[in-house]
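Below is the file work.cif, which contains mmCIF, C-alpha atoms.
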```
data_protein
loop_
_atom_site.label_atom_id
_atom_site.label_comp_id
_atom_site.auth_asym_id
_atom_site.auth_seq_id
_atom_site.Cartn_x
_atom_site.Cartn_y
_atom_site.Cartn_z
CA MET A 133 -21.37 -35.67 25.01
CA ASN A 134 -24.60 -34.90 26.83
CA LYS A 135 -26.44 -32.83 24.25
CA LYS A 136 -28.92 -30.53 25.91
CA ASN A 137 -31.50 -28.46 24.03
CA CYS A 138 -33.16 -31.26 22.02
CA GLY A 139 -29.90 -32.53 20.56
CA TYR A 140 -28.51 -29.19 19.42
CA VAL A 141 -25.18 -27.91 20.67
CA GLN A 142 -25.07 -24.43 22.17
CA ILE A 143 -21.78 -22.71 22.95
CA ALA A 144 -21.86 -19.56 25.07
CA ILE A 145 -18.88 -17.21 24.92
CA ASP A 146 -18.71 -14.24 27.27
CA GLY A 147 -15.87 -11.89 27.98
CA THR A 148 -14.50 -8.45 28.49
CA MET A 149 -14.25 -5.67 25.93
CA ALA A 150 -11.43 -6.09 23.35
CA SER A 151 -10.62 -9.61 24.53
CA GLY A 152 -11.13 -10.94 21.01
CA LYS A 153 -14.23 -12.94 21.89
CA GLY A 154 -16.10 -11.80 18.77
CA THR A 155 -13.30 -12.67 16.37
CA ILE A 156 -12.76 -16.02 18.06
CA SER A 157 -16.47 -16.85 18.17
CA LYS A 158 -16.95 -16.10 14.48
CA ALA A 159 -13.90 -18.17 13.52
CA LEU A 160 -15.14 -21.01 15.72
CA SER A 161 -18.54 -20.99 14.04
CA GLU A 162 -16.86 -21.27 10.65
CA LYS A 163 -14.71 -24.17 11.80
CA LEU A 164 -17.64 -26.08 13.25
CA GLY A 165 -20.28 -25.03 10.72
CA TYR A 166 -22.52 -23.65 13.47
CA GLU A 167 -24.78 -20.60 13.35
CA TYR A 168 -23.30 -17.51 14.97
CA LEU A 169 -24.80 -14.54 16.79
CA ASP A 170 -22.87 -11.61 18.22
CA THR A 171 -25.21 -9.93 20.69
CA GLY A 172 -22.83 -6.99 20.86
CA THR A 173 -23.76 -6.20 17.26
CA ILE A 174 -27.40 -5.93 18.26
CA TYR A 175 -26.55 -3.49 21.06
CA ARG A 176 -24.34 -1.48 18.71
CA LYS A 177 -27.09 -1.26 16.10
CA LEU A 178 -29.53 -0.09 18.73
CA ALA A 179 -26.90 2.37 19.94
CA LEU A 180 -26.54 3.85 16.46
CA PHE A 181 -30.30 4.32 16.35
CA SER A 182 -30.29 5.91 19.81
CA LEU A 183 -27.68 8.46 18.73
CA SER A 184 -30.19 9.85 16.23
CA LEU A 185 -32.59 10.70 19.06
CA ASP A 186 -32.65 13.84 21.20
CA GLU A 187 -32.21 11.60 24.24
CA PRO A 188 -30.63 8.14 23.63
CA ALA A 189 -32.61 6.59 26.49
CA ASN A 190 -35.79 7.29 24.51
CA ILE A 191 -34.92 4.27 22.39
CA VAL A 192 -37.16 2.28 24.72
CA ASN A 193 -40.12 3.95 22.99
CA TYR A 194 -39.09 2.55 19.60
CA LEU A 195 -38.11 -1.05 20.38
CA ASN A 196 -41.39 -2.60 19.18
CA ASP A 197 -40.99 -0.90 15.81
CA ILE A 198 -37.27 -1.41 15.17
CA ASN A 199 -36.06 -3.84 12.52
CA ILE A 200 -32.48 -4.69 13.50
CA ASN A 201 -31.56 -5.52 9.91
CA ASP A 202 -32.54 -2.04 8.72
CA ILE A 203 -30.06 -0.23 10.97
CA SER A 204 -26.74 0.57 9.34
CA GLY A 205 -23.65 2.60 10.21
CA ASN A 206 -20.19 2.23 11.68
CA MET A 207 -20.94 -0.24 14.45
CA ARG A 208 -17.27 -0.73 15.28
CA SER A 209 -16.61 2.93 16.00
CA TYR A 210 -15.54 4.00 19.46
CA GLU A 211 -18.67 6.17 19.75
CA ALA A 212 -20.98 3.26 18.96
CA GLY A 213 -19.25 1.05 21.52
CA GLN A 214 -19.56 3.60 24.30
CA ALA A 215 -23.19 4.33 23.43
CA ALA A 216 -23.96 0.61 23.41
CA SER A 217 -22.72 0.13 26.95
CA LYS A 218 -24.91 3.03 28.13
CA ILE A 219 -28.19 1.85 26.62
CA ALA A 220 -27.38 -1.73 27.67
CA ILE A 221 -28.20 -0.82 31.27
CA LEU A 222 -31.82 -0.12 30.30
CA PRO A 223 -34.10 -3.06 31.29
CA GLU A 224 -36.27 -2.66 28.18
CA VAL A 225 -33.24 -2.85 25.89
CA ARG A 226 -31.81 -5.90 27.62
CA ASN A 227 -35.17 -7.68 27.50
CA PHE A 228 -35.44 -6.91 23.79
CA VAL A 229 -31.98 -8.30 23.02
CA THR A 230 -32.50 -11.35 25.24
CA SER A 231 -35.80 -12.22 23.57
CA TYR A 232 -34.36 -11.71 20.08
CA SER A 233 -31.28 -13.81 20.84
CA GLN A 234 -33.16 -16.70 22.45
CA SER A 235 -35.54 -16.84 19.51
CA PHE A 236 -32.60 -16.85 17.07
CA ALA A 237 -30.86 -19.68 18.95
CA LYS A 238 -33.85 -22.01 19.02
CA ASP A 239 -33.45 -25.41 17.32
CA LYS A 240 -29.96 -24.99 15.91
CA ASN A 241 -26.30 -25.58 16.67
CA ILE A 242 -25.09 -22.14 17.65
CA ILE A 243 -22.22 -20.12 19.01
CA MET A 244 -23.26 -16.90 20.68
CA ASP A 245 -21.01 -14.27 22.21
CA GLY A 246 -21.64 -11.32 24.48
CA ARG A 247 -21.56 -10.47 28.15
CA ASP A 248 -24.54 -12.33 29.60
CA ILE A 249 -24.81 -15.35 27.32
CA ALA A 250 -24.00 -18.06 29.89
CA SER A 251 -25.78 -16.31 32.74
CA VAL A 252 -29.00 -15.12 31.06
CA ILE A 253 -29.49 -15.89 27.38
CA MET A 254 -28.25 -19.52 27.21
CA PRO A 255 -27.86 -20.68 30.83
CA ASN A 256 -28.20 -24.31 29.71
CA ALA A 257 -25.53 -24.08 27.01
CA ASN A 258 -23.47 -27.23 26.52
CA PHE A 259 -20.23 -25.25 26.74
CA LYS A 260 -19.46 -21.94 28.40
CA PHE A 261 -16.28 -19.94 27.89
CA PHE A 262 -15.17 -16.67 29.45
CA ILE A 263 -12.51 -14.88 27.40
CA THR A 264 -10.45 -12.07 28.87
CA ALA A 265 -7.02 -10.45 28.83
CA ASP A 266 -4.97 -7.91 30.74
CA LEU A 267 -6.45 -4.39 30.65
CA GLU A 268 -3.48 -2.76 28.93
CA GLU A 269 -3.28 -5.54 26.36
CA ARG A 270 -6.94 -5.08 25.54
CA ALA A 271 -6.42 -1.34 25.18
CA ARG A 272 -3.44 -1.95 22.90
CA ARG A 273 -5.49 -4.24 20.68
CA ARG A 274 -8.37 -1.80 20.41
CA PHE A 275 -5.97 1.11 19.77
CA LEU A 276 -4.39 -0.75 16.85
CA GLU A 277 -7.79 -1.77 15.48
CA LEU A 278 -9.17 1.77 15.58
CA SER A 279 -5.94 3.33 14.26
CA GLU A 280 -6.11 1.09 11.20
CA LYS A 281 -9.61 2.42 10.57
CA GLY A 282 -8.49 6.03 10.83
CA GLU A 283 -9.98 6.68 14.27
CA LYS A 284 -8.16 9.39 16.25
CA GLU A 285 -8.57 8.28 19.88
CA THR A 286 -5.32 8.10 21.85
CA PHE A 287 -4.18 5.00 23.72
CA GLU A 288 -4.90 6.77 27.01
CA GLU A 289 -8.44 7.62 25.94
CA ILE A 290 -9.09 4.05 24.88
CA LEU A 291 -7.60 2.64 28.10
CA LYS A 292 -9.85 4.90 30.15
CA GLY A 293 -12.84 3.98 28.00
CA ILE A 294 -12.26 0.26 28.51
CA GLN A 295 -11.88 0.76 32.27
CA GLU A 296 -15.17 2.62 32.34
CA ARG A 297 -16.82 -0.02 30.15
CA ASP A 298 -15.64 -2.81 32.45
CA GLU A 299 -17.02 -0.89 35.41
CA ARG A 300 -20.43 -0.45 33.79
CA ASP A 301 -20.59 -4.03 32.54
CA MET A 302 -19.61 -5.63 35.83
CA ASN A 303 -21.65 -3.42 38.14
CA ARG A 304 -24.93 -2.85 36.33
CA ASP A 305 -28.00 -4.04 38.19
CA ILE A 306 -29.33 -6.18 35.36
CA ALA A 307 -27.33 -9.09 33.88
CA PRO A 308 -23.85 -7.89 34.88
CA LEU A 309 -20.79 -9.34 33.17
CA ARG A 310 -19.54 -12.22 35.27
CA GLN A 311 -17.77 -15.52 34.97
CA GLU A 312 -20.18 -18.37 35.62
CA LYS A 313 -18.99 -21.21 37.86
CA ASP A 314 -19.17 -23.70 35.02
CA SER A 315 -17.45 -21.44 32.47
CA ILE A 316 -13.96 -22.22 31.22
CA VAL A 317 -11.74 -19.15 31.59
CA VAL A 318 -9.50 -18.34 28.64
CA ASP A 319 -6.94 -15.62 29.46
CA ASN A 320 -5.39 -14.77 26.11
CA THR A 321 -3.12 -11.92 27.23
CA HIS A 322 -0.17 -13.81 25.76
CA MET A 323 -2.08 -15.69 23.05
CA ASN A 324 -2.90 -14.64 19.51
CA LYS A 325 -6.13 -15.38 17.68
CA GLU A 326 -5.01 -18.76 16.33
CA GLU A 327 -3.68 -19.93 19.69
CA THR A 328 -6.90 -18.93 21.44
CA LEU A 329 -9.03 -20.59 18.78
CA ASN A 330 -6.99 -23.79 18.86
CA TYR A 331 -7.22 -24.00 22.64
CA ILE A 332 -11.01 -23.71 22.58
CA LEU A 333 -11.24 -26.22 19.74
CA SER A 334 -9.10 -28.65 21.71
CA VAL A 335 -11.57 -28.45 24.59
CA LEU A 336 -14.57 -28.92 22.33
CA THR A 337 -13.22 -31.74 20.18
CA GLN A 338 -12.68 -33.86 23.27
CA LYS A 339 -16.43 -33.82 23.92
CA ILE A 340 -18.39 -33.05 20.76
#
```

Show the structure stored in the file as structure tokens.
Amino acid sequence: MNKKNCGYVQIAIDGTMASGKGTISKALSEKLGYEYLDTGTIYRKLALFSLSLDEPANIVNYLNDININDISGNMRSYEAGQAASKIAILPEVRNFVTSYSQSFAKDKNIIMDGRDIASVIMPNANFKFFITADLEERARRRFLELSEKGEKETFEEILKGIQERDERDMNRDIAPLRQEKDSIVVDNTHMNKEETLNYILSVLTQKI
């Protein structure tokens, strides 16, 4: 395999909300023994911080002083997810996350997932995957996940929220969610976690 990035292997995984990209990416990192970074977690942590402010957009005034590791809370809540997508359109926030992520990825084998990994954060990644699934299937998955955690949102509310999230992600001016030309599309509408993971591994093991 042609190893870019000074001999280290970088794997970029992008995808739509509730497509399972985070779960798959983490499992993949464990299988391969690579470092892992979920950029969505960074946005969610920043979102939790922003919710403590009178105006969430004012988070841009605190970025130089924030320690990501000091922020705690329910990052997987529906509220945190929606807030994350709203502050993610702010140029200052995106620049902060991009800089943090690129610094983290330097000089290591890494798997990183998010929505602009292949296009912005690791454009020279050795492998690029774009994971997605049918809208209603993604809503079903998120509904089950949140229900198990005691969240009260209805399926209809979650479906609408995902539609709105897709719209914001794909149409924002800065680093919109998109499938890169050299990304491998993985539609896992009819695949479970293990099937998705095994498919990606089959692609990688042919070349790593």

CA of Ser315 (chain A) to CA of Met244 (chain A), distance in Å rounded to a single decimal:
13.9 Å

Best match for closeness to Ser231 (chain A) among A:Asn324, A:Asn330, A:Asn196, A:Ser279, counting all atoms listed in the file
A:Asn196

Just say which residues the PyMOL selection byres ((chain A and resi 305) around 12) picks in this file, as a PyMOL selection string.
chain A and resi 220-223+226+299-304+306-309

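Of the residues listed (A:Asn193, A:Thr264, A:Thr337, A:Gln142), A:Gln142 shows the shortest atom-to-atom separation from Phe236 (chain A); distances use all atoms listed in the file.
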
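Of the listed residues A:Ile294, A:Leu169, A:Leu276, A:Ile243, the one whose atoms come nearest to Lys260 (chain A) is A:Ile243, with distances taken using only C-alpha atoms.
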
Kindly provide, as JSON, numbers by chain, the polymer residues lying within 12 Å of (-29.9, 6.3, 18.6), counting all atoms listed in the file and using the coordinates exactly as they appear in the file.
{"A": [175, 176, 177, 178, 179, 180, 181, 182, 183, 184, 185, 186, 187, 188, 189, 190, 191, 192, 193, 194, 195, 198, 203, 204, 205, 207, 211, 212, 215, 216, 218, 219]}

Go ahead and compute the interatomic distance for CA of Asn258 (chain A) and CA of Ile174 (chain A), in Å to one decimal.
23.2 Å

As a ChimeraX atom specification, please: the residues near Glu288 (chain A) (cut-off 12 Å, all atoms listed in the file, same-chain neighbours under 3 positions excluded).
/A:267-268,271-272,274-275,284-285,291-295
